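What follows is one structure encoded as structure tokens, with my remarks underneath.
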Amino acid sequence: MSTKTEATVKMNKVQWFWTWVIGSVILRLILVYFPQNLNLSSRPEVSTPLTSIRRLAEGYWLKQSSMSPYAGSMYHGSPLLLTLLGPLTVTKIEGQPDHLLCSLVFVMADVVTAMLICAAGKKLQVAYGSSLESVGLHQLSEDSDILPSGDFAALVYLWNPFTIVACVGLSTSVIENLMIVLTLYGACARVAPLAAFGWVIATHLSLYPAILIIPVVLLFGYGPDAPPRKLFRQRKNLELDDSTSSDRNCLEDESVNEKRMLKVFSWRPVVLLLFWVLLWSSYVLILCGIYVQQHGGLQEMFKRSYGFILTIQDLSPNIGVFWYFFAEVFDFFRSFFLIVFHGNILLLIVPLAIRLNHRPCFLAFVYIVLSSILKSYPSVGDSALYLGLLGLFAYELKDMQYSFFLFSGFVGVSLFSPVMHNLWIWRGTGNANFYFATAIGYALLQIILVIESVSTMLNHDRMLTKLSTAKLQNVKS
Amino acid sequence: MAESETVTATKPSVRRFVKLGIFLISHSNYVSFIGLVSGIVALLLLPILAKNTYVSENALMPGSANNMLSTQHVSRATEFVNDLTDSVSESHEIIAQYMSALDAEVTYHKFHPQLNQFNPLHFFTSPDSGIVSKNISCSSLGINIAGIIRAPRGDGKESIVLVTPYNPRKVGPGEALSLGIAYSVFSLLSRVTWLAKDVIWLVADSQYGEYSAVDAWLREYHAPAFREADIDNSETCNAINEVGQNPSSDRKLYSGFRRAGTMAAALVIKVAEQGNRHEDILNIYPEASNGQMPNLDLINIVNYLGAHKRGLRVKVNKMFSLFGSRWLNTLGGILESLGQIARSLNPQWKFGISATEYVEGAATLASSLYLQGLGVPTGPHGAFRDYQVDAITLEISPKVSPYKMISHSRNEFILRGGRLIEGVIRSINNLLEKFHQSFFLYLLTSSSKFVSVGVYMIPFALLVAPLPIVAGSLYSEASKSSSSSEVVVKYKSWKWLNSARKVLAIHLWGAVVSLLPYFLYQIPNSTPTTNFTVWGILSASSLLILYFVLGSPIFESATSQPEKGEWASLKSVTIATTFIGLSLMSVINFATAEIGALLIVPICLMAQPLKLDIRSRSLRTLLRATCNLALGLVVFPPVAYFLIKGAFEDTYGIKVDEYWNWVESLWTWNSATYLYVGIVHLPCWALCIHILFHPC
């Protein structure tokens, strides 16, 4: 009887999930039909020099008239995007809004991203549940089943206004997000070719996902997120103590089990991953090389895309903090500060990787937040991604502090930012400081978010350790 | 060792900050009371804190050159005025002839007055070329005349605009005089050698409203629409087209539209039809749409030249009803005596002003707040602000009514006005870049005193500062309170999500309510009263539907029964959204936010379920309950409207259609106030009422 009701509850939940997914798609399609009124694709929050669809269309046009797509400092993205999305920007259907096909592709990409997040979440949840059980915390693992974090994260991603705005505003960050999520899913599912493909393309598109190689390697080496490794060792020791008295027949079987239990870094899948990375990256480079062969070759491509990202040539205002600073800085200090600013990200990578190495997916989330704070051309598409991923850790982060404050802050900043921009650019009564103030507020919010989530996660780990040691002592005594 | 020392050294400072926050939150009642009272007191002190204006931009140098406008120019101008008043039908030709006789480039600009369009997000978008609707009859075609003098020393990239609205069907003596003043200046400027910016004289056809004519010309100037050619060429419009097409052998009548670079500033010149018997008065109207003001320097030079050089009495709008109010006079008296006491203690303290001065300043400040808060421009100069051009309307009201003016006094008047305009133009002509030196965000307390943004933000900040503190204290209270079900305990730090969902739903309802008039407009032949009733009924019914949908078990998750602290978390989310909405509005239109905060903040802070208050049955709680009920009634938008109107405009009596007309005017002027009332004020009111009647 009870199983039957459970089944119907589950059916209801599935139905409910799909209704919301379809609802979000319909909302996007409605918004796609008002492009002129919203004019989102020209908002600085949505389209940066790297992600703007208008620049992509311009690059495609240049290429069609057999010029270098990078001529005139308009386009700075990847040649592969040009071949994929370029033809869609010029095909128009009579009576339909411009870029309709592009919009449809972007809506599709959003849905696929959400599905991948959902699948990754399910994989993470199953793995987490089993590892909790193996530590001996059965009760907690049952608790964590209450909230299907994968579904939750997927819905958060789909219904996040930032995601919707980025999708309707035709920002190519949607594609970048898809690739990043593909990487994470591939790593969670331990499919080396998929993860390698996602990582290579994401890095190729926007450079910053390059740092995700560390969590991906950890995912392949250690497996998905789990409680601290110390607990497994303690548990193991206890079992060994028990087993010394008993017979040792099944030694071989145990050694395999032991390896999995102890979470030893396994090199073989990592090497496989690196091999696939090499393969995919050479493949991508060859394709790009063919495409830009007549226009300066790969060197030109690197200079115009990665060089543009790293040297921050475009100082038009965006929601980041770099444009303001580099508009002010003296020219002869420029390279020094470029190194300092980019060094910030690299500085944080190693300590975080050491502290959070037992939770590679969460580590990836932290890296994504950090890179979206310290990016040279950030857009709301980046925050859409990490806010979606935040949902994956809903169970672990359930005791997060300041959640209400952060929520109000995000709402406030996202409303203030366009108003301040308007005050500065269109009304002329404000100045750059007005807009930059919201950019600082936004950066602060993101910093608080990352600090709070990391500390909550560490607290959660502490709580697990406490529970587990208490249990062990109970067993011993 | 050293490490531990640094840790102990840094820790207290961090803790002190947190402690301060905790202290504020734990004493939120006192904080909110102090904030509210001090906010209102600071608002009342603003007339004292006002500073004298000063010309900030050095390049302007108002009044440094001698006036060149002579009686010769004036006599020619009177000739022009006489010609204009004598011949009724051919005013266009006369104006064009006189203009081209001065070697100006004259063009006609035909336009259709814009229909009422609802464009609530107009504020966020760049000015665009309006959509010309298809079925426009030729009878509603207006003709602007623009004359351009090219500056001998300029490069044609900058210009100064003079605007004189007039009605070609019936040229009144006031309008004719304003045209005369502009003509005298124009004729002088066509000969001078010092001109560095081109001068455009726009004679705006005001038969369909002054604003729409100027707006149409500006739109054509900045963002031409290419569809208008079709309308001009249609056969039915021939009669009107002839006006532009027989140039009567003039050399300088150009076809097409001519431009003269970016506009440095614009002056709209008007002459009042009524005389005021005492002296010549210059009224300045600076408010543009959404409470935007021109740069203060423009007002400064007009004020300086008008008051000191031309001996005019310069005035800005005042609320005359406030002069009679007893409490304001008493307050002024108290402040005056306080100032005297302070001066007797230390002669260096000079903050005292006399009671009459205080009342006058308060009345001007109130009108400044009211006019900015409405978000409706006070004259055709408002159209310029949308293109970032600083503009004001100068309305000169002469001693004698223009109807009775004899020729001598008329000459005198034109000379006086013309010299003022000449001085202003000469100052603007000196500008090296566009106005940027002085303030854009200010309130006027007289024509020579202002309150800058740094000062007037203080009362507002004091008013809204309690909101986040109270929200924080309620939130911590709500999360502390024990709850029965286990799931809620686990996710207690996310419990506010449930309240946030409700608040979001109510705000969406507010958006729907503010969009309803768009559909009501489609109903033909409806009176304001029926419109208003239908609007009210539709809003109320949609709220009811929403209430039932939200209350139904589909949306209510199974575990959340009405809990003890539920209203507290709902209130904290409500207050947080109110805070965000008010701060946002203070950036868009400060005056609206200030008036709105005065109305909504008290009830937001005080709202508490009536059931709880009545249950405890002490005098304090019963008093609070009655206060809440009274505030809940007062804050309801139509009631608030009539109260404000009664307070400011001295007209009593409540008519429903009046409210509808007010809403309609806000709507057609694309005022952000409309959106504020619909999306922030109304939902917050509804939520406060919901909290009052919460079944806890």
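By convention in this document, the chains of the structure tokens carry letters A, B, ... by their order, each chain's residues are numbered from 1, and ligands are numbered from 1 in the order they are shown.
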Distance limit 6 Å, atoms considered: only C-alpha atoms. Which chain A residues sit that close to chain B? Return them as a compact mmCIF listing (two decimals) with C-alpha atoms, in the first residue's frame.
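result-v6.txt written:
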# COMPACT_ATOMS: atom_id res chain seq x y z
CA LYS A 398 20.60 24.04 3.89
CA ASP A 399 21.95 25.92 6.88
CA GLY A 412 18.28 44.96 -5.71
CA ARG A 427 19.80 61.07 -19.00
CA THR A 429 22.49 63.38 -14.83
Pick out each residue of range 45-114 of chain B that DSSP on the backbone tags as strand (DSSP E or B); I need them as a PDB file with C-alpha atoms, in the first residue's frame.
ATOM      1  CA  LYS B  51      22.307  77.152   0.073  1.00  0.00           C
ATOM      2  CA  ASN B  52      22.500  80.205  -2.129  1.00  0.00           C
ATOM      3  CA  GLU B 105      17.675  79.485 -43.144  1.00  0.00           C
ATOM      4  CA  VAL B 106      13.962  78.907 -42.797  1.00  0.00           C
ATOM      5  CA  THR B 107      12.279  75.533 -42.971  1.00  0.00           C
ATOM      6  CA  TYR B 108       8.813  74.275 -42.309  1.00  0.00           C
ATOM      7  CA  HIS B 109       8.379  71.143 -40.310  1.00  0.00           C
ATOM      8  CA  LYS B 110       5.062  69.369 -40.649  1.00  0.00           C
ATOM      9  CA  PHE B 111       4.086  66.965 -37.957  1.00  0.00           C
TER      10      PHE B 111
END
Close residues, Ile368 in chain A itself excluded, 9 Å, only C-alpha atoms, min 3 positions apart in chain, as an MDAnalysis selection string:
chainID A and resid 208:209 211:212 363:365 371:373 382:383 385:386
Could you please take those selected residues and save C-alpha atoms as a compact mmCIF listing (two decimals), in the first residue's frame?
# COMPACT_ATOMS: atom_id res chain seq x y z
CA TYR A 208 38.34 30.99 -18.01
CA PRO A 209 36.88 27.44 -17.79
CA ILE A 211 40.80 26.21 -14.43
CA LEU A 212 38.03 23.63 -14.28
CA LEU A 363 35.10 23.04 -6.01
CA ALA A 364 34.05 23.54 -9.62
CA PHE A 365 31.15 25.69 -8.44
CA SER A 371 36.05 33.43 -12.36
CA SER A 372 32.76 35.24 -12.87
CA ILE A 373 33.82 37.82 -10.28
CA ASP A 382 27.85 33.61 -15.76
CA SER A 383 25.85 34.20 -12.61
CA LEU A 385 25.31 29.22 -14.33
CA TYR A 386 26.62 29.33 -10.80
Determine, counting only C-alpha atoms, which protein, DNA and RNA residues have an atom within 8 Å of an atom of Ser447 in chain B; residues of the same chain fewer than 6 positions away are not included. Present the result as a PyMOL selection string.
chain B and resi 299+303+314-316
Find the residues around Ile164 in chain A up to 12 Å (only C-alpha atoms counted), leave out those fewer than 6 positions away in its own chain, and share them as a short mmCIF file (atom, residue, chain, number, x, y, z; two decimals) with N, CA and C atoms, in the first residue's frame.
data_model
loop_
_atom_site.label_atom_id
_atom_site.label_comp_id
_atom_site.auth_asym_id
_atom_site.auth_seq_id
_atom_site.Cartn_x
_atom_site.Cartn_y
_atom_site.Cartn_z
N SER A 24 8.79 27.09 -18.51
CA SER A 24 9.92 27.99 -18.73
C SER A 24 10.21 28.14 -20.22
N VAL A 25 10.05 27.05 -20.98
CA VAL A 25 10.28 27.14 -22.43
C VAL A 25 9.25 28.08 -23.06
N ILE A 26 7.99 27.95 -22.63
CA ILE A 26 6.94 28.80 -23.19
C ILE A 26 7.21 30.26 -22.87
N LEU A 27 7.64 30.51 -21.64
CA LEU A 27 7.96 31.89 -21.26
C LEU A 27 9.05 32.46 -22.15
N ARG A 28 10.06 31.65 -22.42
CA ARG A 28 11.14 32.12 -23.28
C ARG A 28 10.63 32.43 -24.68
N LEU A 29 9.78 31.53 -25.18
CA LEU A 29 9.28 31.73 -26.55
C LEU A 29 8.43 33.00 -26.62
N ILE A 30 7.65 33.27 -25.56
CA ILE A 30 6.86 34.50 -25.55
C ILE A 30 7.79 35.71 -25.60
N LEU A 31 8.82 35.65 -24.78
CA LEU A 31 9.73 36.79 -24.72
C LEU A 31 10.50 36.98 -26.03
N VAL A 32 10.76 35.86 -26.71
CA VAL A 32 11.50 35.95 -27.97
C VAL A 32 10.70 36.78 -28.99
N LEU A 40 17.05 43.48 -25.46
CA LEU A 40 17.99 42.93 -24.48
C LEU A 40 19.37 42.71 -25.06
N VAL A 46 23.94 41.98 -20.55
CA VAL A 46 23.71 40.71 -21.22
C VAL A 46 24.81 40.40 -22.22
N SER A 103 17.44 32.20 -31.61
CA SER A 103 16.76 32.13 -30.31
C SER A 103 16.34 30.70 -30.02
N PHE A 106 19.15 28.75 -28.86
CA PHE A 106 19.55 29.10 -27.49
C PHE A 106 18.58 28.52 -26.47
N VAL A 107 17.29 28.53 -26.81
CA VAL A 107 16.32 27.94 -25.89
C VAL A 107 16.61 26.46 -25.73
N ALA A 109 19.47 25.03 -26.11
CA ALA A 109 20.70 24.89 -25.33
C ALA A 109 20.41 25.01 -23.84
N ASP A 110 19.52 25.95 -23.50
CA ASP A 110 19.16 26.13 -22.10
C ASP A 110 18.52 24.87 -21.53
N VAL A 111 17.59 24.31 -22.32
CA VAL A 111 16.90 23.11 -21.82
C VAL A 111 17.88 21.97 -21.66
N LEU A 155 15.54 23.33 -12.23
CA LEU A 155 14.47 24.34 -12.26
C LEU A 155 14.99 25.71 -11.88
N VAL A 156 15.90 25.73 -10.92
CA VAL A 156 16.50 27.03 -10.56
C VAL A 156 17.20 27.62 -11.77
N TYR A 157 17.91 26.76 -12.50
CA TYR A 157 18.60 27.26 -13.69
C TYR A 157 17.61 27.78 -14.72
N LEU A 158 16.55 27.02 -14.95
CA LEU A 158 15.62 27.39 -16.03
C LEU A 158 14.82 28.64 -15.67
N LEU A 170 20.13 36.68 -26.45
CA LEU A 170 21.02 36.04 -27.41
C LEU A 170 22.48 36.21 -27.07
N SER A 171 22.79 35.98 -25.80
CA SER A 171 24.19 36.04 -25.41
C SER A 171 24.79 34.65 -25.59
N SER A 173 26.91 33.30 -24.05
CA SER A 173 27.30 32.65 -22.79
C SER A 173 26.41 31.45 -22.53
N VAL A 174 25.24 31.41 -23.16
CA VAL A 174 24.38 30.23 -23.03
C VAL A 174 25.12 28.99 -23.52
N VAL A 380 25.53 38.51 -17.12
CA VAL A 380 24.63 37.81 -16.19
C VAL A 380 24.56 36.33 -16.51
N GLY A 381 24.95 35.94 -17.72
CA GLY A 381 24.95 34.52 -18.05
C GLY A 381 25.84 33.72 -17.12
N SER A 383 26.49 34.42 -13.91
CA SER A 383 25.85 34.20 -12.61
C SER A 383 24.70 33.22 -12.76
N ALA A 384 24.06 33.21 -13.93
CA ALA A 384 23.00 32.23 -14.15
C ALA A 384 23.54 30.83 -13.94
N LEU A 385 24.73 30.57 -14.44
CA LEU A 385 25.31 29.22 -14.33
C LEU A 385 25.57 28.87 -12.88
#
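Once Leu179 in chain B and its same-chain neighbours fewer than 2 positions away are set aside, Ala77, Thr78, Phe80, Val81, Leu84, Ile95, Val163, Thr164, Pro165, Tyr166, Pro173, Gly174, Glu175, Ala176, Leu177, Ile181, Ala182, Tyr183, Ser184, Val185, Trp201, Val203, Ile269, Lys270, Val271 and Ile414 of chain B remain within 10 Å of it when counting only C-alpha atoms.
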Can you work out the spacing between CA of Leu80 in chain A and CA of Ile53 in chain A in Å, to one decimal?
14.0 Å
With only C-alpha atoms as the atoms that count, which of B:Val663, B:Ile145, B:Met319, B:Ile425 lies nearest to Ser255 in chain B?
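Using only C-alpha atoms, the shortest distance to Ser255 in chain B belongs to B:Ile145.
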